[in-house]
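Each remark here refers to the structure printed beneath this line.
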Amino acid sequence: MNRIALLLLLVSAPALAQDIAKEKPKAEVVPVKEPAVKKPAENAPTLDLATALKLARTASPASREQAAKIRKAEWQQFRAEYAWAPKIQSTFGFSLVPSDAVVDDFGNSLDQYVNLNFGPYLRNDTKMLIPLYTFDRISIAQDLAAIGVDVARLREFESELDLTYEVHRAYYGAQLSEAFSQILKDVSDVLKPKLAEMAEEREFGDSSFSTKDFRKLQIADAEFDGRVIDNQRLELLANGGLQYFTAIERPFSVPALSESEPLVPPKQLSHYVNLAHQFRPDLKLLAKALEARGLAVDMARSNFYPNLVFAASFGFGVSTETLGLKEVCRKPSPGSECIDTTDLYARPYSNPLDFLSFTVGLGLEWSIDVVQTYGKYREADEELAETLAQRDRALGAIDLDIKRLHSDAQAAYDKVQANERRLDAARRWRDQFGLSVQTAGADVADGIDPLRAHVEARVAMLQARFDYFVALAALAKGVGVHDIVE
């Protein structure tokens with residue numbers, strides 16, 4: 001039997017071809033260079049999609065970054081919640097003061113320093129303020145801090161959606177590579193040995209096939225090697241992406257992408273638009289921005305009013321030194337000339353080096369700058385109007401984005417349906433040709449075409465399924481959910 005016929009039968013109808021192969025012993029196969037078809041790692045654990053997503057959310061630097069931002073926002077909220085707590089400011093000072101210094105006599109004080117006649121002086125001043133009424137400044141700050149926590153959590157969810165999409169795409173790519181490897185291995189197990197056998201027969205001049213058939217197989221072999229190279233690149237990128245996102249260092253495997261698993265078709269566009277309005281994080285961020293802008297207007301308005309505070313102060317000064325006597329004079333009446341200055345000295349009325357003070361009371365903190373305060377108020381009001389316009393514009397853009405993503409998913413699903421028909425037709429053509437070779441002696445030169453058509457149909461089918469799964473992942477990200485099917 002012609003060797004090209006045997007080859008086609010082995011690929012298209014293995015059971016039937018085995019019976020035909022028994023009619024003629026196989027020639028010894030000359031060793032040839034095997035293509036670099038992926039071989040599964042021994043004892044490599046299988047990585048499923050749910051585990052990959054869980055590992056990615058745990059190991060991702062972006063997840064840790066967002067978690068730190070949430071904790072930062074929570075501490076800012078803690079500060080705002082306790083803004084009413086007493087604010088205490090205390091100052092301690094230490095210096096050297098001259099002994100027996102005379103008040104208002106700089107020369108005397110300088111002489112004391114020159115004569116090394118000085119001592120230590122310690123002073124403390126402590127002030128405490130407790131806000132009693134701030135015209136809603138504290139409550140507004142607390143509301144703004146709570147919005148900050150919500151925004152940080154929405155940013156984390158937004159980052160999770162990005163990560164989920166990237167993990168889905170990398171995982172489906174690894175599955176696609178695995179499925180391609182199985183197809184390439186099936187072809188390689190038949191094509192490479194038979195081509196080597198035909199080359200050996202041709203070399204010894206004992207060939208039972210035409211040169212045209214041999215060249216066709218050589219061309220098919222070269223095409224096969226090109227697909228192997230493409231699949232190696234796909235495997236490298238997909239597995240590298242999974243290793244990056246999940247931080248897995250040990251070898252792992254993924255199940256091959258299914259060619260026959262039933263697919264769930266996309267729902268109506270309105271369904272996904274409603275989901276987007278309900279779950280999409282950027283819409284929630286816009287709502288929080290509007291809320292924050294409104295509070296900013298209220299804060300700017302409250303800046304026109306003072307803060308009522310409870311104030312207390314405490315201070316003391318202590319030193320080992322005392323003030324010197326000050327020369328005085330006797331006057332008959334205030335404002336008149338001194339009439340006696342002989343040996344008249346007195347100590348100062350108060351000693352600044354030795355004192356103790358304590359005061360309490362109510363006070364107002366009020367920064368009066370009408371022009372600047374009014375300008376900031378109007379600026380906050382216009383920022384609110386700007387955010388309202390941005391929200392209206394974003395709603396239209398988001399609806400358009402969901403429409404695009406839904407169209408991509410629907411088109412990918414339709415391509416899967418078309419490729420299913422293509423694969424069914426290619427399979428029938430391949431099987432029909434195998435039977436024709438056995439029963440009617442069909443022209444084996446025409447066998448390469450149905451074989452190539454079947455392999456290309458399987459590849460196109462797998463590629464269409466990969467595109468559909470990635471389109472669903474992109475739609476889920478656009479809607480604001482982790483899994484669009486669920």
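If you're wondering about the labels, chains in the structure tokens are A, B, ... by order shown, residues count from 1 in each chain, ligands from 1 in order shown.
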
As a ChimeraX atom specification, please: the residues near segment 390-398 of chain A (cut-off 9 Å, only C-alpha atoms, same-chain neighbours under 3 positions excluded).
/A:273,276-277,282-283,286-287,290,385-387,401-403,478

Excluding Asp483 of chain A and residues on its chain fewer than 3 positions from it, collect all residues at most 12 Å away from it, counting only C-alpha atoms, and give them as a ChimeraX atom specification.
/A:49-50,53,160-161,164-165,168,469-480,486

Those of segment 196-429 of chain A in DSSP alpha helix (DSSP H), formatted as a count of residues only:
137

Expressed in Å, the length from atom CA of Leu154 of chain A to atom CA of Arg57 of chain A is 15.3 Å

Excluding segment 253-270 of chain A and any residue of its chain fewer than 5 positions from it, enumerate the residues within 7 Å of it, using only C-alpha atoms, and give them as a PyMOL selection string.
chain A and resi 44-48+174-176+178-179+403+406+409-410+413+461-462

Write to file, as a PDB file, in the first residue's frame, the residues of the selection just made, with N, CA and C atoms.
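Ended up saving to again32.pdb:
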```
ATOM      1  N   ALA A  44       3.605  17.038  38.259  1.00  0.00           N
ATOM      2  CA  ALA A  44       3.308  18.466  38.406  1.00  0.00           C
ATOM      3  C   ALA A  44       1.850  18.630  38.833  1.00  0.00           C
ATOM      4  N   PRO A  45       1.578  19.385  39.894  1.00  0.00           N
ATOM      5  CA  PRO A  45       0.184  19.566  40.334  1.00  0.00           C
ATOM      6  C   PRO A  45      -0.611  20.352  39.298  1.00  0.00           C
ATOM      7  N   THR A  46      -1.896  20.022  39.215  1.00  0.00           N
ATOM      8  CA  THR A  46      -2.783  20.715  38.279  1.00  0.00           C
ATOM      9  C   THR A  46      -3.312  21.982  38.940  1.00  0.00           C
ATOM     10  N   LEU A  47      -3.186  23.078  38.247  1.00  0.00           N
ATOM     11  CA  LEU A  47      -3.634  24.375  38.758  1.00  0.00           C
ATOM     12  C   LEU A  47      -4.987  24.709  38.130  1.00  0.00           C
ATOM     13  N   ASP A  48      -6.020  24.813  38.969  1.00  0.00           N
ATOM     14  CA  ASP A  48      -7.330  25.206  38.449  1.00  0.00           C
ATOM     15  C   ASP A  48      -7.487  26.719  38.541  1.00  0.00           C
ATOM     16  N   ALA A 174      -2.769  29.531  28.795  1.00  0.00           N
ATOM     17  CA  ALA A 174      -2.072  28.290  29.142  1.00  0.00           C
ATOM     18  C   ALA A 174      -2.900  27.072  28.726  1.00  0.00           C
ATOM     19  N   GLN A 175      -4.218  27.152  28.907  1.00  0.00           N
ATOM     20  CA  GLN A 175      -5.076  26.047  28.461  1.00  0.00           C
ATOM     21  C   GLN A 175      -5.024  25.888  26.941  1.00  0.00           C
ATOM     22  N   LEU A 176      -5.039  27.001  26.234  1.00  0.00           N
ATOM     23  CA  LEU A 176      -4.963  26.950  24.777  1.00  0.00           C
ATOM     24  C   LEU A 176      -3.647  26.319  24.330  1.00  0.00           C
ATOM     25  N   GLU A 178      -1.856  24.199  25.992  1.00  0.00           N
ATOM     26  CA  GLU A 178      -1.915  22.766  26.305  1.00  0.00           C
ATOM     27  C   GLU A 178      -2.711  22.007  25.245  1.00  0.00           C
ATOM     28  N   ALA A 179      -3.827  22.589  24.811  1.00  0.00           N
ATOM     29  CA  ALA A 179      -4.628  21.930  23.773  1.00  0.00           C
ATOM     30  C   ALA A 179      -3.872  21.875  22.449  1.00  0.00           C
ATOM     31  N   LYS A 403     -21.622  48.413  25.675  1.00  0.00           N
ATOM     32  CA  LYS A 403     -22.119  48.006  24.361  1.00  0.00           C
ATOM     33  C   LYS A 403     -20.996  47.410  23.517  1.00  0.00           C
ATOM     34  N   HIS A 406     -20.023  43.963  25.032  1.00  0.00           N
ATOM     35  CA  HIS A 406     -21.061  42.974  24.732  1.00  0.00           C
ATOM     36  C   HIS A 406     -20.999  42.563  23.273  1.00  0.00           C
ATOM     37  N   ALA A 409     -18.167  40.124  22.851  1.00  0.00           N
ATOM     38  CA  ALA A 409     -18.503  38.792  23.369  1.00  0.00           C
ATOM     39  C   ALA A 409     -19.475  38.068  22.444  1.00  0.00           C
ATOM     40  N   GLN A 410     -20.466  38.798  21.922  1.00  0.00           N
ATOM     41  CA  GLN A 410     -21.437  38.169  21.029  1.00  0.00           C
ATOM     42  C   GLN A 410     -20.769  37.719  19.734  1.00  0.00           C
ATOM     43  N   TYR A 413     -18.783  34.620  20.408  1.00  0.00           N
ATOM     44  CA  TYR A 413     -19.663  33.449  20.528  1.00  0.00           C
ATOM     45  C   TYR A 413     -20.129  32.979  19.154  1.00  0.00           C
ATOM     46  N   MET A 461     -11.049  26.357  16.076  1.00  0.00           N
ATOM     47  CA  MET A 461     -12.085  26.175  17.086  1.00  0.00           C
ATOM     48  C   MET A 461     -11.558  26.540  18.478  1.00  0.00           C
ATOM     49  N   LEU A 462     -10.373  26.046  18.788  1.00  0.00           N
ATOM     50  CA  LEU A 462      -9.787  26.355  20.088  1.00  0.00           C
ATOM     51  C   LEU A 462      -9.505  27.858  20.226  1.00  0.00           C
TER      52      LEU A 462
END
```

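Take the candidates A:Glu156, A:Val102, A:Arg421, A:Arg123 and check each one against Ala460 of chain A using only C-alpha atoms; the shortest distance goes to A:Arg421.
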
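With only C-alpha atoms as the atoms that count, the minimum distance from Gly324 of chain A to the choices A:Asp100, A:Asp230, A:Asp189, A:Asp221 is reached by A:Asp100.
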
Using only C-alpha atoms, which protein or nucleic acid residues come within 10 Å of Leu384 of chain A? Drop anything in the same chain fewer than 2 positions from it, and give the result as a list in words.
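Once the adjacent positions are removed, what remains is Ala289, Leu290, Glu291, Ala292, Arg293, Gly294, Leu295, Ala296, Val297, Arg378, Glu379, Ala380, Asp381, Glu382, Glu386, Thr387, Leu388, Ala389 and Gln390 of chain A.
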
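Nearest-residue note for Thr320 of chain A: choosing from A:Ser95, A:Gln66, A:Gln278, A:Thr373, the minimum distance belongs to A:Ser95, counting only C-alpha atoms.
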
Members of segment 300-441 of chain A assigned strand (DSSP E) by DSSP, as a CSV table (one decimal) with C-alpha atoms, in the first residue's frame:
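Once written, selection-v9.csv looks like this:
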```csv
chain,number,residue,atom,x,y,z
A,307,ASN,CA,-14.8,77.9,66.7
A,308,LEU,CA,-15.9,78.0,70.3
A,309,VAL,CA,-13.2,76.4,72.5
A,310,PHE,CA,-12.4,75.7,76.1
A,311,ALA,CA,-8.9,76.9,76.9
A,312,ALA,CA,-6.6,76.3,79.8
A,313,SER,CA,-2.9,77.2,80.4
A,314,PHE,CA,-0.4,76.3,83.0
A,315,GLY,CA,3.2,77.6,83.5
A,316,PHE,CA,6.0,77.8,86.0
A,317,GLY,CA,9.6,79.1,86.2
A,318,VAL,CA,12.2,78.2,88.7
A,319,SER,CA,15.9,79.2,89.2
A,326,LYS,CA,16.9,98.2,92.0
A,327,GLU,CA,17.6,101.8,93.0
A,345,TYR,CA,16.6,100.2,97.0
A,346,ALA,CA,13.7,97.8,96.4
A,355,PHE,CA,6.5,82.0,89.1
A,356,LEU,CA,3.5,79.7,88.9
A,357,SER,CA,0.4,80.4,86.8
A,358,PHE,CA,-2.9,78.7,85.9
A,359,THR,CA,-5.8,80.0,83.8
A,360,VAL,CA,-9.0,78.5,82.4
A,361,GLY,CA,-11.8,80.0,80.2
A,362,LEU,CA,-13.8,80.0,77.0
A,363,GLY,CA,-12.4,81.4,73.8
A,364,LEU,CA,-13.0,81.9,70.1
A,365,GLU,CA,-10.8,80.8,67.2
```

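Among the candidates A:Ser350, A:Ser109, A:Thr246, A:Ser302, the residue lying nearest to Thr58 of chain A is A:Thr246 (atoms considered: only C-alpha atoms).
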
Fewer than 4 positions away in the same chain doesn't count, so skip those; otherwise give me all residues within 12 Å of Glu249 of chain A, counting only C-alpha atoms, as a ChimeraX atom specification.
/A:44-45,239-240,242-245

Since we have the selection now, will you write its residues out, keeping all heavy atoms, as an mmCIF file, in the first residue's frame?
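After the write, out-v6.cif holds the following:
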```cif
data_model
loop_
_atom_site.group_PDB
_atom_site.id
_atom_site.type_symbol
_atom_site.label_atom_id
_atom_site.label_comp_id
_atom_site.auth_asym_id
_atom_site.auth_seq_id
_atom_site.Cartn_x
_atom_site.Cartn_y
_atom_site.Cartn_z
ATOM 1 N N ALA A 44 3.605 17.038 38.259
ATOM 2 C CA ALA A 44 3.308 18.466 38.406
ATOM 3 C C ALA A 44 1.850 18.630 38.833
ATOM 4 O O ALA A 44 0.958 18.046 38.218
ATOM 5 C CB ALA A 44 3.553 19.194 37.086
ATOM 6 N N PRO A 45 1.578 19.385 39.894
ATOM 7 C CA PRO A 45 0.184 19.566 40.334
ATOM 8 C C PRO A 45 -0.611 20.352 39.298
ATOM 9 O O PRO A 45 -0.079 21.211 38.598
ATOM 10 C CB PRO A 45 0.336 20.351 41.639
ATOM 11 C CG PRO A 45 1.641 21.056 41.511
ATOM 12 C CD PRO A 45 2.534 20.140 40.715
ATOM 13 N N ASN A 239 2.260 30.814 30.666
ATOM 14 C CA ASN A 239 2.761 30.271 31.931
ATOM 15 C C ASN A 239 3.574 31.302 32.696
ATOM 16 O O ASN A 239 3.529 31.355 33.931
ATOM 17 C CB ASN A 239 3.605 29.026 31.672
ATOM 18 C CG ASN A 239 2.765 27.847 31.230
ATOM 19 O OD1 ASN A 239 1.539 27.901 31.308
ATOM 20 N ND2 ASN A 239 3.388 26.793 30.756
ATOM 21 N N GLY A 240 4.329 32.134 31.961
ATOM 22 C CA GLY A 240 5.066 33.203 32.636
ATOM 23 C C GLY A 240 4.130 34.191 33.316
ATOM 24 O O GLY A 240 4.400 34.657 34.431
ATOM 25 N N LEU A 242 1.076 33.497 34.448
ATOM 26 C CA LEU A 242 0.509 32.826 35.623
ATOM 27 C C LEU A 242 1.513 32.791 36.772
ATOM 28 O O LEU A 242 1.147 33.012 37.940
ATOM 29 C CB LEU A 242 0.085 31.405 35.260
ATOM 30 C CG LEU A 242 -1.261 31.250 34.556
ATOM 31 C CD1 LEU A 242 -1.526 29.784 34.232
ATOM 32 C CD2 LEU A 242 -2.387 31.804 35.420
ATOM 33 N N GLN A 243 2.762 32.503 36.467
ATOM 34 C CA GLN A 243 3.781 32.485 37.521
ATOM 35 C C GLN A 243 3.972 33.861 38.138
ATOM 36 O O GLN A 243 4.177 33.994 39.345
ATOM 37 C CB GLN A 243 5.099 31.963 36.951
ATOM 38 C CG GLN A 243 5.092 30.475 36.634
ATOM 39 C CD GLN A 243 6.385 30.007 35.989
ATOM 40 O OE1 GLN A 243 7.134 30.796 35.436
ATOM 41 N NE2 GLN A 243 6.632 28.711 36.049
ATOM 42 N N TYR A 244 3.887 34.913 37.310
ATOM 43 C CA TYR A 244 4.034 36.269 37.831
ATOM 44 C C TYR A 244 2.862 36.632 38.747
ATOM 45 O O TYR A 244 3.060 37.170 39.841
ATOM 46 C CB TYR A 244 4.117 37.271 36.676
ATOM 47 C CG TYR A 244 4.004 38.704 37.106
ATOM 48 C CD1 TYR A 244 5.066 39.351 37.741
ATOM 49 C CD2 TYR A 244 2.828 39.424 36.900
ATOM 50 C CE1 TYR A 244 4.954 40.662 38.147
ATOM 51 C CE2 TYR A 244 2.714 40.736 37.299
ATOM 52 C CZ TYR A 244 3.779 41.359 37.923
ATOM 53 O OH TYR A 244 3.661 42.660 38.338
ATOM 54 N N PHE A 245 1.632 36.335 38.311
ATOM 55 C CA PHE A 245 0.468 36.741 39.085
ATOM 56 C C PHE A 245 0.290 35.907 40.348
ATOM 57 O O PHE A 245 -0.153 36.420 41.377
ATOM 58 C CB PHE A 245 -0.799 36.649 38.229
ATOM 59 C CG PHE A 245 -0.860 37.673 37.132
ATOM 60 C CD1 PHE A 245 -0.976 37.284 35.808
ATOM 61 C CD2 PHE A 245 -0.784 39.020 37.419
ATOM 62 C CE1 PHE A 245 -1.021 38.213 34.790
ATOM 63 C CE2 PHE A 245 -0.827 39.971 36.406
ATOM 64 C CZ PHE A 245 -0.951 39.564 35.094
#
```

Could you list, with a cut-off of 12 Å and counting only C-alpha atoms, the residues of segment 143-248 of chain A near segment 126-138 of chain A, each shown with its nearest atom pair and the distance in Å rounded to one decimal, rows sorted by chain and ascending number, as CSV?
```
residue,atom,partner,partner_atom,distance
A:Asp143,CA,A:Ile138,CA,8.7
A:Leu144,CA,A:Ile138,CA,9.9
A:Ala145,CA,A:Ile138,CA,10.5
```

Taking into account only C-alpha atoms, which residue in the set A:Tyr349, A:Tyr172, A:Phe204, A:Phe157 is nearest to Arg280 of chain A?
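Checking each of A:Tyr349, A:Tyr172, A:Phe204, A:Phe157 against Arg280 of chain A, counting only C-alpha atoms, the winner is A:Phe157.
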